[in-house]
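Structure data follow from protein15.cif (mmCIF, C-alpha atoms and all ligand atoms):
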```cif
data_data
#
loop_
_atom_site.label_atom_id
_atom_site.label_comp_id
_atom_site.auth_asym_id
_atom_site.auth_seq_id
_atom_site.Cartn_x
_atom_site.Cartn_y
_atom_site.Cartn_z
CA MET A 25 103.35 7.60 68.26
CA GLU A 26 107.08 8.15 67.75
CA ALA A 27 107.84 5.87 70.73
CA GLU A 28 105.62 3.25 69.17
CA ILE A 29 107.54 3.52 65.88
CA GLU A 30 110.82 3.03 67.79
CA ARG A 31 109.33 -0.03 69.51
CA PHE A 32 108.84 -1.48 66.02
CA PHE A 33 112.50 -0.92 65.13
CA GLN A 34 113.71 -2.42 68.40
CA GLY A 35 111.26 -5.32 68.37
CA THR A 36 112.15 -6.34 64.81
CA ALA A 37 115.93 -5.76 65.01
CA GLU A 38 116.58 -9.50 65.17
CA THR A 39 114.12 -10.45 62.41
CA ASN A 40 114.43 -10.40 58.64
CA LEU A 41 112.55 -7.08 58.63
CA GLN A 42 115.83 -5.62 59.87
CA LYS A 43 117.15 -5.32 56.32
CA TYR A 44 114.30 -2.91 55.54
CA HIS A 45 114.85 -0.70 58.57
CA LEU A 46 116.85 1.95 56.72
CA ASP A 47 114.30 2.14 53.88
CA LEU A 48 111.44 2.38 56.38
CA ARG A 49 113.15 5.12 58.36
CA LYS A 50 113.59 7.13 55.14
CA ILE A 51 109.95 6.64 54.14
CA LEU A 52 108.78 7.60 57.63
CA THR A 53 110.65 10.92 57.45
CA THR A 54 108.91 11.96 54.23
CA GLN A 55 105.53 10.22 54.07
CA ILE A 56 103.74 10.74 57.40
CA ARG A 57 100.57 12.74 56.81
CA PRO A 58 100.41 16.05 58.69
CA HIS A 59 97.49 16.46 61.10
CA GLY A 60 96.32 19.57 62.95
CA ARG A 61 95.79 17.71 66.26
CA ILE A 62 99.03 15.75 66.30
CA ASN A 63 100.67 17.81 69.08
CA GLU A 64 97.57 17.57 71.27
CA TRP A 65 97.52 13.77 70.82
CA ARG A 66 101.28 13.56 71.49
CA ARG A 67 100.86 15.42 74.79
CA LEU A 68 97.92 13.23 75.73
CA LEU A 69 99.89 10.05 75.07
CA GLU A 70 103.02 11.26 76.85
CA ALA A 71 100.99 11.89 80.01
CA VAL A 72 99.76 8.27 80.18
CA PRO A 73 101.96 6.19 82.52
CA PRO A 74 103.27 2.99 80.89
CA GLU A 75 101.74 -0.25 82.14
CA THR A 76 102.49 -3.91 81.56
CA ALA A 77 99.05 -5.49 82.04
CA ILE A 78 98.57 -8.84 80.30
CA PRO A 79 96.08 -8.38 77.42
CA SER A 80 93.44 -10.75 76.06
CA PHE A 81 93.67 -11.14 72.30
CA THR A 82 91.63 -14.33 72.02
CA THR A 83 88.25 -12.88 72.92
CA ASP A 84 85.89 -10.99 70.57
CA THR A 85 86.39 -7.94 72.76
CA VAL A 86 90.13 -7.25 72.81
CA ARG A 87 91.00 -6.41 76.44
CA ILE A 88 93.98 -4.27 77.05
CA GLY A 89 95.44 -2.30 79.95
CA PRO A 90 94.95 -2.69 83.72
CA GLU A 91 91.35 -3.87 84.38
CA GLY A 92 90.26 -1.19 86.82
CA LYS A 93 92.05 1.84 85.34
CA ASP A 94 90.07 4.71 83.92
CA TYR A 95 91.33 6.02 80.57
CA SER A 96 87.99 7.51 79.55
CA THR A 97 89.35 11.07 79.21
CA GLN A 98 92.07 9.97 76.81
CA LEU A 99 89.74 7.59 74.97
CA LYS A 100 87.19 10.36 74.41
CA ALA A 101 89.90 12.69 73.11
CA LEU A 102 90.81 10.03 70.54
CA THR A 103 87.30 9.48 69.07
CA PRO A 104 85.98 8.28 66.66
CA TRP A 105 86.69 4.63 67.50
CA ARG A 106 85.77 2.58 64.45
CA LYS A 107 87.19 -0.95 64.83
CA GLY A 108 86.59 -3.19 67.81
CA PRO A 109 85.02 -4.07 70.26
CA LEU A 110 87.71 -3.08 72.74
CA LYS A 111 87.97 -2.88 76.48
CA ILE A 112 90.70 -0.49 77.51
CA GLY A 113 91.25 -0.39 81.24
CA LYS A 114 87.75 -0.28 82.72
CA THR A 115 86.06 1.17 79.63
CA ILE A 116 84.22 -0.92 77.04
CA ILE A 117 84.39 0.75 73.65
CA ASP A 118 81.42 -0.09 71.49
CA THR A 119 83.04 0.80 68.18
CA GLU A 120 81.26 1.73 64.95
CA TRP A 121 82.06 -1.70 63.52
CA ARG A 122 81.55 -5.15 64.97
CA SER A 123 84.96 -6.10 63.58
CA ASP A 124 84.72 -9.37 65.50
CA TRP A 125 81.98 -10.37 63.03
CA LYS A 126 84.35 -9.73 60.12
CA TRP A 127 87.07 -11.74 61.91
CA LYS A 128 84.62 -14.65 62.40
CA ARG A 129 83.92 -14.68 58.65
CA ILE A 130 87.61 -14.43 57.74
CA LYS A 131 89.23 -16.83 60.21
CA PRO A 132 88.00 -20.12 58.69
CA HIS A 133 89.70 -19.21 55.39
CA VAL A 134 93.08 -18.18 56.80
CA VAL A 135 95.99 -20.63 57.12
CA ASP A 136 97.02 -21.60 60.66
CA LEU A 137 98.65 -18.40 61.93
CA ARG A 138 100.76 -20.07 64.63
CA GLY A 139 104.37 -18.96 64.22
CA LYS A 140 103.56 -16.86 61.15
CA ARG A 141 104.67 -13.33 60.21
CA VAL A 142 101.68 -11.35 58.99
CA LEU A 143 101.13 -7.95 57.43
CA ASP A 144 97.79 -6.11 57.66
CA VAL A 145 97.57 -3.29 55.14
CA GLY A 146 95.11 -0.54 56.12
CA CYS A 147 94.75 -2.06 59.58
CA GLY A 148 92.93 0.87 61.23
CA ASN A 149 93.55 0.99 64.99
CA GLY A 150 95.07 -2.51 64.98
CA TYR A 151 92.09 -4.53 66.29
CA PHE A 152 92.82 -7.31 63.79
CA LEU A 153 96.57 -7.27 64.56
CA PHE A 154 95.69 -8.22 68.12
CA ARG A 155 93.33 -10.96 66.92
CA MET A 156 96.12 -12.29 64.68
CA LEU A 157 98.46 -12.50 67.69
CA GLY A 158 95.58 -14.21 69.50
CA GLU A 159 95.70 -16.88 66.78
CA GLY A 160 99.42 -17.41 67.43
CA ALA A 161 101.12 -15.16 64.84
CA LYS A 162 104.69 -14.43 65.94
CA LEU A 163 104.75 -11.00 64.31
CA ALA A 164 101.82 -8.82 63.19
CA LEU A 165 102.80 -5.64 61.37
CA GLY A 166 100.13 -3.19 60.29
CA VAL A 167 100.30 -0.03 58.21
CA ASP A 168 97.71 2.71 58.16
CA PRO A 169 98.23 6.35 57.13
CA THR A 170 95.40 7.71 59.32
CA ILE A 171 97.23 9.37 62.19
CA LEU A 172 94.35 9.11 64.68
CA PHE A 173 94.33 5.30 64.38
CA ASN A 174 98.08 5.25 65.04
CA PHE A 175 97.52 7.21 68.26
CA GLN A 176 94.71 4.86 69.31
CA PHE A 177 97.06 1.91 68.76
CA ALA A 178 99.93 3.67 70.56
CA LEU A 179 97.71 4.31 73.58
CA MET A 180 96.67 0.65 73.71
CA GLN A 181 100.29 -0.49 73.42
CA LYS A 182 101.46 1.91 76.10
CA VAL A 183 99.21 0.29 78.72
CA THR A 184 99.88 -3.35 77.92
CA ALA A 185 102.64 -5.93 78.15
CA ASP A 186 105.10 -5.84 75.27
CA ASN A 187 103.91 -7.89 72.31
CA ASN A 188 104.71 -8.36 68.63
CA ALA A 189 101.95 -6.23 67.09
CA TYR A 190 103.31 -3.08 65.45
CA LEU A 191 101.74 -0.28 63.44
CA LEU A 192 103.48 2.17 61.13
CA PRO A 193 101.73 5.31 59.83
CA LEU A 194 102.40 4.48 56.18
CA ARG A 195 100.51 3.75 52.98
CA SER A 196 100.99 0.37 51.36
CA GLU A 197 102.21 1.90 48.09
CA ASP A 198 105.16 3.47 49.96
CA LEU A 199 106.37 0.17 51.42
CA PRO A 200 109.31 -1.85 50.11
CA ALA A 201 108.62 -5.17 48.35
CA PHE A 202 109.28 -7.20 51.53
CA GLY A 203 108.79 -10.62 49.90
CA MET A 204 108.81 -12.25 53.34
CA PHE A 205 105.35 -12.28 54.95
CA ASP A 206 103.57 -15.61 55.35
CA VAL A 207 100.13 -13.99 55.17
CA VAL A 208 99.16 -10.56 53.89
CA PHE A 209 95.75 -9.11 54.75
CA SER A 210 94.13 -6.25 52.88
CA MET A 211 90.67 -5.61 54.28
CA GLY A 212 88.53 -2.69 53.19
CA VAL A 213 91.33 -1.02 51.22
CA LEU A 214 91.12 -2.06 47.55
CA TYR A 215 88.18 0.20 46.67
CA HIS A 216 89.93 3.19 48.23
CA ARG A 217 92.77 2.77 45.73
CA ARG A 218 92.55 4.38 42.31
CA SER A 219 94.47 1.52 40.83
CA PRO A 220 93.29 -1.83 42.23
CA LEU A 221 95.66 -3.91 40.10
CA ASP A 222 98.63 -1.97 41.44
CA HIS A 223 97.36 -2.62 44.97
CA LEU A 224 97.15 -6.36 44.26
CA GLN A 225 100.66 -6.25 42.81
CA GLU A 226 101.97 -4.62 46.01
CA LEU A 227 100.32 -7.31 48.12
CA PHE A 228 101.92 -9.97 45.90
CA ASN A 229 105.33 -8.37 46.43
CA PHE A 230 104.95 -8.33 50.25
CA LEU A 231 104.42 -12.11 50.40
CA ARG A 232 107.01 -14.84 50.47
CA PRO A 233 106.66 -17.49 47.75
CA GLY A 234 103.88 -19.83 48.90
CA GLY A 235 102.37 -17.15 51.17
CA GLN A 236 98.64 -16.45 51.43
CA LEU A 237 96.71 -13.35 50.44
CA VAL A 238 93.53 -12.60 52.39
CA LEU A 239 91.64 -9.80 50.71
CA GLU A 240 88.33 -8.33 51.79
CA SER A 241 86.56 -5.78 49.64
CA LEU A 242 83.26 -4.22 48.72
CA ILE A 243 81.97 -6.06 45.67
CA ILE A 244 78.97 -5.99 43.41
CA GLU A 245 77.28 -9.23 42.53
CA GLU A 246 74.90 -8.16 39.81
CA ASN A 247 76.68 -9.35 36.73
CA LYS A 248 79.63 -11.64 36.07
CA ASP A 249 81.85 -9.11 34.33
CA ASN A 250 80.59 -6.02 36.06
CA LEU A 251 82.48 -3.44 37.96
CA LEU A 252 81.18 -0.25 39.46
CA ILE A 253 82.97 3.07 39.18
CA PRO A 254 80.80 5.48 41.17
CA GLU A 255 80.20 8.74 39.33
CA ASP A 256 80.82 10.61 42.54
CA ARG A 257 80.15 9.29 46.06
CA TYR A 258 79.33 5.73 47.03
CA ALA A 259 77.43 5.37 50.34
CA LYS A 260 78.42 9.02 50.95
CA MET A 261 82.14 8.11 50.73
CA ALA A 262 84.10 10.37 48.38
CA ASN A 263 87.08 8.03 48.15
CA VAL A 264 85.55 4.92 46.62
CA TRP A 265 87.02 4.55 43.15
CA PHE A 266 86.26 1.06 41.97
CA ILE A 267 84.06 -1.81 43.14
CA PRO A 268 84.67 -5.09 41.32
CA SER A 269 82.31 -8.00 40.88
CA THR A 270 83.29 -11.23 42.64
CA PHE A 271 84.29 -12.66 39.26
CA SER A 272 86.48 -9.71 38.24
CA LEU A 273 88.15 -9.70 41.68
CA GLU A 274 89.22 -13.33 41.19
CA VAL A 275 90.47 -12.55 37.70
CA MET A 276 92.40 -9.46 38.80
CA ALA A 277 94.23 -11.46 41.49
CA SER A 278 95.10 -14.14 38.92
CA ARG A 279 96.34 -11.53 36.44
CA VAL A 280 98.97 -10.24 38.85
CA GLY A 281 100.24 -13.78 39.38
CA PHE A 282 98.28 -15.28 42.30
CA GLN A 283 97.20 -18.92 42.19
CA ASP A 284 93.95 -20.39 43.51
CA SER A 285 92.27 -16.99 43.58
CA ARG A 286 88.86 -17.78 45.10
CA ILE A 287 85.97 -15.89 46.65
CA LYS A 288 85.24 -17.57 49.99
CA ASP A 289 82.42 -15.50 51.41
CA VAL A 290 79.99 -12.78 50.37
CA THR A 291 78.03 -10.93 53.06
CA LEU A 292 75.67 -7.98 52.93
CA THR A 293 76.75 -5.39 55.50
CA THR A 294 73.99 -4.81 58.04
CA THR A 295 73.13 -1.85 60.22
CA GLN A 296 73.89 -4.10 63.21
CA GLU A 297 77.47 -4.60 62.02
CA GLN A 298 78.15 -0.92 61.16
CA ARG A 299 76.38 1.73 63.21
CA SER A 300 76.83 4.96 65.14
CA THR A 301 77.61 4.50 68.81
CA LYS A 302 78.65 6.68 71.72
CA TRP A 303 82.23 6.19 70.49
CA MET A 304 81.49 7.08 66.84
CA GLU A 305 78.80 9.72 66.76
CA PHE A 306 78.96 10.58 63.06
CA GLU A 307 76.66 9.13 60.41
CA SER A 308 76.94 5.41 59.74
CA LEU A 309 75.45 2.77 57.42
CA VAL A 310 71.78 3.53 58.19
CA ASN A 311 72.35 7.07 56.90
CA PHE A 312 74.10 5.81 53.77
CA LEU A 313 71.16 3.64 52.61
CA ASP A 314 68.04 4.78 50.77
CA PRO A 315 65.33 4.82 53.49
CA ALA A 316 62.71 3.83 50.90
CA ASP A 317 64.76 0.87 49.60
CA THR A 318 67.62 -0.31 51.77
CA SER A 319 68.92 -2.58 49.01
CA LYS A 320 70.32 0.67 47.53
CA THR A 321 72.67 3.36 48.76
CA VAL A 322 71.40 6.95 48.89
CA GLU A 323 73.04 7.41 45.47
CA GLY A 324 71.06 4.47 44.03
CA TYR A 325 73.95 1.98 43.87
CA PRO A 326 73.73 -1.57 45.28
CA ALA A 327 74.01 -1.49 49.09
CA PRO A 328 77.43 -2.43 50.55
CA ARG A 329 78.22 -6.11 50.18
CA ARG A 330 81.64 -7.50 51.05
CA ALA A 331 83.60 -10.47 49.79
CA ILE A 332 86.56 -12.39 51.16
CA LEU A 333 89.05 -13.67 48.61
CA THR A 334 92.03 -15.87 49.32
CA ALA A 335 94.88 -16.62 46.94
CA LYS A 336 98.40 -17.98 47.02
CA LYS A 337 101.71 -16.63 45.74
CA PRO A 338 103.31 -19.39 43.65
CA ILE A 339 106.38 -21.10 45.09
C1 LIG B 1 87.55 0.80 55.44
S1 LIG B 1 88.93 0.96 56.48
C2 LIG B 1 89.30 -0.76 56.80
C3 LIG B 1 89.97 -0.98 58.11
C4 LIG B 1 90.18 -2.46 58.48
N1 LIG B 1 91.17 -3.05 57.63
C5 LIG B 1 88.90 -3.21 58.41
O1 LIG B 1 88.78 -4.08 57.55
O2 LIG B 1 88.00 -2.97 59.20
C6 LIG B 1 90.23 1.41 55.36
C7 LIG B 1 91.54 1.70 56.04
O3 LIG B 1 92.55 1.77 55.04
C8 LIG B 1 93.39 2.85 55.32
N2 LIG B 1 94.02 3.24 54.04
C9 LIG B 1 93.53 4.06 53.09
N3 LIG B 1 94.41 4.15 52.06
C10 LIG B 1 95.46 3.36 52.38
C11 LIG B 1 96.68 3.05 51.74
N4 LIG B 1 96.99 3.59 50.56
N5 LIG B 1 97.54 2.20 52.35
C12 LIG B 1 97.23 1.65 53.56
N6 LIG B 1 96.07 1.91 54.22
C13 LIG B 1 95.20 2.75 53.64
C14 LIG B 1 92.48 3.91 55.95
O4 LIG B 1 93.21 4.82 56.74
C15 LIG B 1 91.54 3.05 56.76
O5 LIG B 1 91.97 2.85 58.07
#
```
As structure tokens, what does this structure read like?
Ligand SMILES: C[S@@+](CC[C@H](N)C(=O)[O-])C[C@H]1O[C@@H](n2cnc3c(N)ncnc32)[C@H](O)[C@@H]1O
Amino acid sequence: MEAEIERFFQGTAETNLQKYHLDLRKILTTQIRPHGRINEWRRLLEAVPPETAIPSFTTDTVRIGPEGKDYSTQLKALTPWRKGPLKIGKTIIDTEWRSDWKWKRIKPHVVDLRGKRVLDVGCGNGYFLFRMLGEGAKLALGVDPTILFNFQFALMQKVTADNNAYLLPLRSEDLPAFGMFDVVFSMGVLYHRRSPLDHLQELFNFLRPGGQLVLESLIIEENKDNLLIPEDRYAKMANVWFIPSTFSLEVMASRVGFQDSRIKDVTLTTTQEQRSTKWMEFESLVNFLDPADTSKTVEGYPAPRRAILTAKKPI
């Protein structure tokens, strides 16, 4: 993972991210989350020989690493795999999420990414970073504090040709106000934040004037002004703090200064899109829904429904 962080600093030395390098190095020394398996994962990654296979980022299944090579031992050691589908070497990873379905819903609402610098906050293992490069982005930076996902990304990068997707193990609230990204993505993060307006403000500060926000979040549709603050868990997740209605999400984005804040899509999450697989053997959506009424979670809240919002930072 450390080598992957250095690749970011080298790969962006000639870009306008360079002026944030010192700040980022400082944040990285204090903010990386400790993890009990980090040394095991480091050893595992160090033992993988570097490769320069040409990847495929334009297909629903991101293909990475030399076609015939077997990385199954390393891939199993790095489970659960949540975002994909991926093919790493000879192994197809049927991830918990059909993230390609999310990408298909999102893509029509995103500006042309050719030549753009993009930031993906809470990017998981980087599946979407690769898809963004596949759409022509010249730089795709992701941040995600979950150490496992950083190791999954580092493994994928170690076995592929050098490219401009980077991942730093940081939280968005620790980042500097870059003010330079053409497009900022925040997908599946807002409801994990205690303070959604502060999150929207951060996203605003990462964008250049005129840049686009692409936000995806759990929402509730019931009532125009509604928002849901779960009393305890939501769909068995302990870290869901706040689920806005589509209307309040648009208003919140406008309140922090975005223009043209619009909901572009609302989709009920299905048990085909999110499910347990061989690569994610824990409980998944089917276990989070009330078996007697799947329009509700086991806690009795509306079942997960997700919206895509786009907005623009004024020039
Ligand atoms: C529900 S997943 C969404 C992953 C991916 N963006 C997607 O849409 O499929 C939420 C991700 O946000 C990350 N995350 C949680 N808090 C965060 C924070 N404060 N800053 C950045 N990422 C965060 C988690 O580690 C996790 O990978």
Contacts of Leu143 of chain A at 6 Å (all atoms listed in the file; same-chain gap of 2+ positions) as a list in words: Ala164, Leu165, Gly166 and Val208 of chain A
With only C-alpha atoms and all ligand atoms counted and 10 Å as the cut-off, give the residues of chain A in contact with ligand LIG 1 (chain B), each with its shortest interatomic distance in Å and the pair that gives it, as CSV.
```
residue,atom,partner,partner_atom,distance
A:Arg106,CA,B:LIG1,O2,8.0
A:Lys107,CA,B:LIG1,O2,6.0
A:Gly108,CA,B:LIG1,O2,8.7
A:Trp121,CA,B:LIG1,O2,7.5
A:Arg122,CA,B:LIG1,O2,8.9
A:Ser123,CA,B:LIG1,O2,6.2
A:Asp124,CA,B:LIG1,O2,9.6
A:Lys126,CA,B:LIG1,O1,7.6
A:Trp127,CA,B:LIG1,O1,9.0
A:Asp144,CA,B:LIG1,N1,7.3
A:Val145,CA,B:LIG1,C12,5.2
A:Gly146,CA,B:LIG1,N6,3.2
A:Cys147,CA,B:LIG1,N1,4.2
A:Gly148,CA,B:LIG1,O5,3.9
A:Asn149,CA,B:LIG1,O5,7.3
A:Gly150,CA,B:LIG1,C4,8.1
A:Tyr151,CA,B:LIG1,C4,8.3
A:Phe152,CA,B:LIG1,C4,7.7
A:Leu153,CA,B:LIG1,N1,9.7
A:Gly166,CA,B:LIG1,C12,8.8
A:Val167,CA,B:LIG1,C12,5.8
A:Asp168,CA,B:LIG1,N6,4.3
A:Pro169,CA,B:LIG1,O4,5.3
A:Thr170,CA,B:LIG1,O4,4.5
A:Ile171,CA,B:LIG1,O4,8.2
A:Leu172,CA,B:LIG1,O4,9.1
A:Phe173,CA,B:LIG1,O5,7.2
A:Asn174,CA,B:LIG1,O5,9.6
A:Leu192,CA,B:LIG1,C12,9.8
A:Pro193,CA,B:LIG1,C12,8.5
A:Leu194,CA,B:LIG1,C12,6.4
A:Arg195,CA,B:LIG1,N5,3.4
A:Ser196,CA,B:LIG1,N5,4.0
A:Glu197,CA,B:LIG1,N4,6.0
A:Asp198,CA,B:LIG1,N5,8.1
A:Leu199,CA,B:LIG1,N5,9.1
A:Phe209,CA,B:LIG1,N1,8.1
A:Ser210,CA,B:LIG1,N1,6.4
A:Met211,CA,B:LIG1,O1,4.1
A:Gly212,CA,B:LIG1,C2,4.2
A:Val213,CA,B:LIG1,O3,4.9
A:Leu214,CA,B:LIG1,N3,8.4
A:Tyr215,CA,B:LIG1,C1,8.8
A:His216,CA,B:LIG1,N3,6.0
A:Arg217,CA,B:LIG1,N4,6.5
A:Arg218,CA,B:LIG1,N4,9.4
A:His223,CA,B:LIG1,N4,8.4
A:Leu239,CA,B:LIG1,O1,9.4
A:Glu240,CA,B:LIG1,O1,7.2
A:Ser241,CA,B:LIG1,O1,8.4
A:Leu242,CA,B:LIG1,C1,9.4
A:Asn263,CA,B:LIG1,C9,9.0
A:Val264,CA,B:LIG1,C1,9.9
```
Spatial neighbours of segment 131-135 of chain A, 12 Å, all atoms listed in the file, chain gap at least 6 places, as a ChimeraX atom specification: /A:124-125,141-142,152,155-156,158-161,206-209,234-240,286-289,332-336
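Interatomic distance, atom CA of Asp94 of chain A against atom CA of Ala27 of chain A: 22.2 Å.
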With all atoms listed in the file as the counted atoms, please give the residues lying no more than 12 Å from segment 110-113 of chain A, apart from itself and same-chain residues fewer than 4 positions off, as number ranges by chain. A: 75-100, 105-106, 117-124, 149-152, 154-155, 176-177, 179-184, 303
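Coordinates place atom CA of Lys337 of chain A at a distance of 9.0 Å from atom CA of Asn229 of chain A.
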I'd like the interatomic distance between atom CA of Phe33 of chain A and atom CA of Pro104 of chain A, to a tenth of an Å. 28.1 Å
Taking into account all atoms listed in the file, which residue in the set A:Arg330, A:Lys50, A:Arg61, A:Lys260 is nearest to Leu309 of chain A?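 When distances to Leu309 of chain A are compared using all atoms listed in the file, the smallest one comes from A:Lys260.
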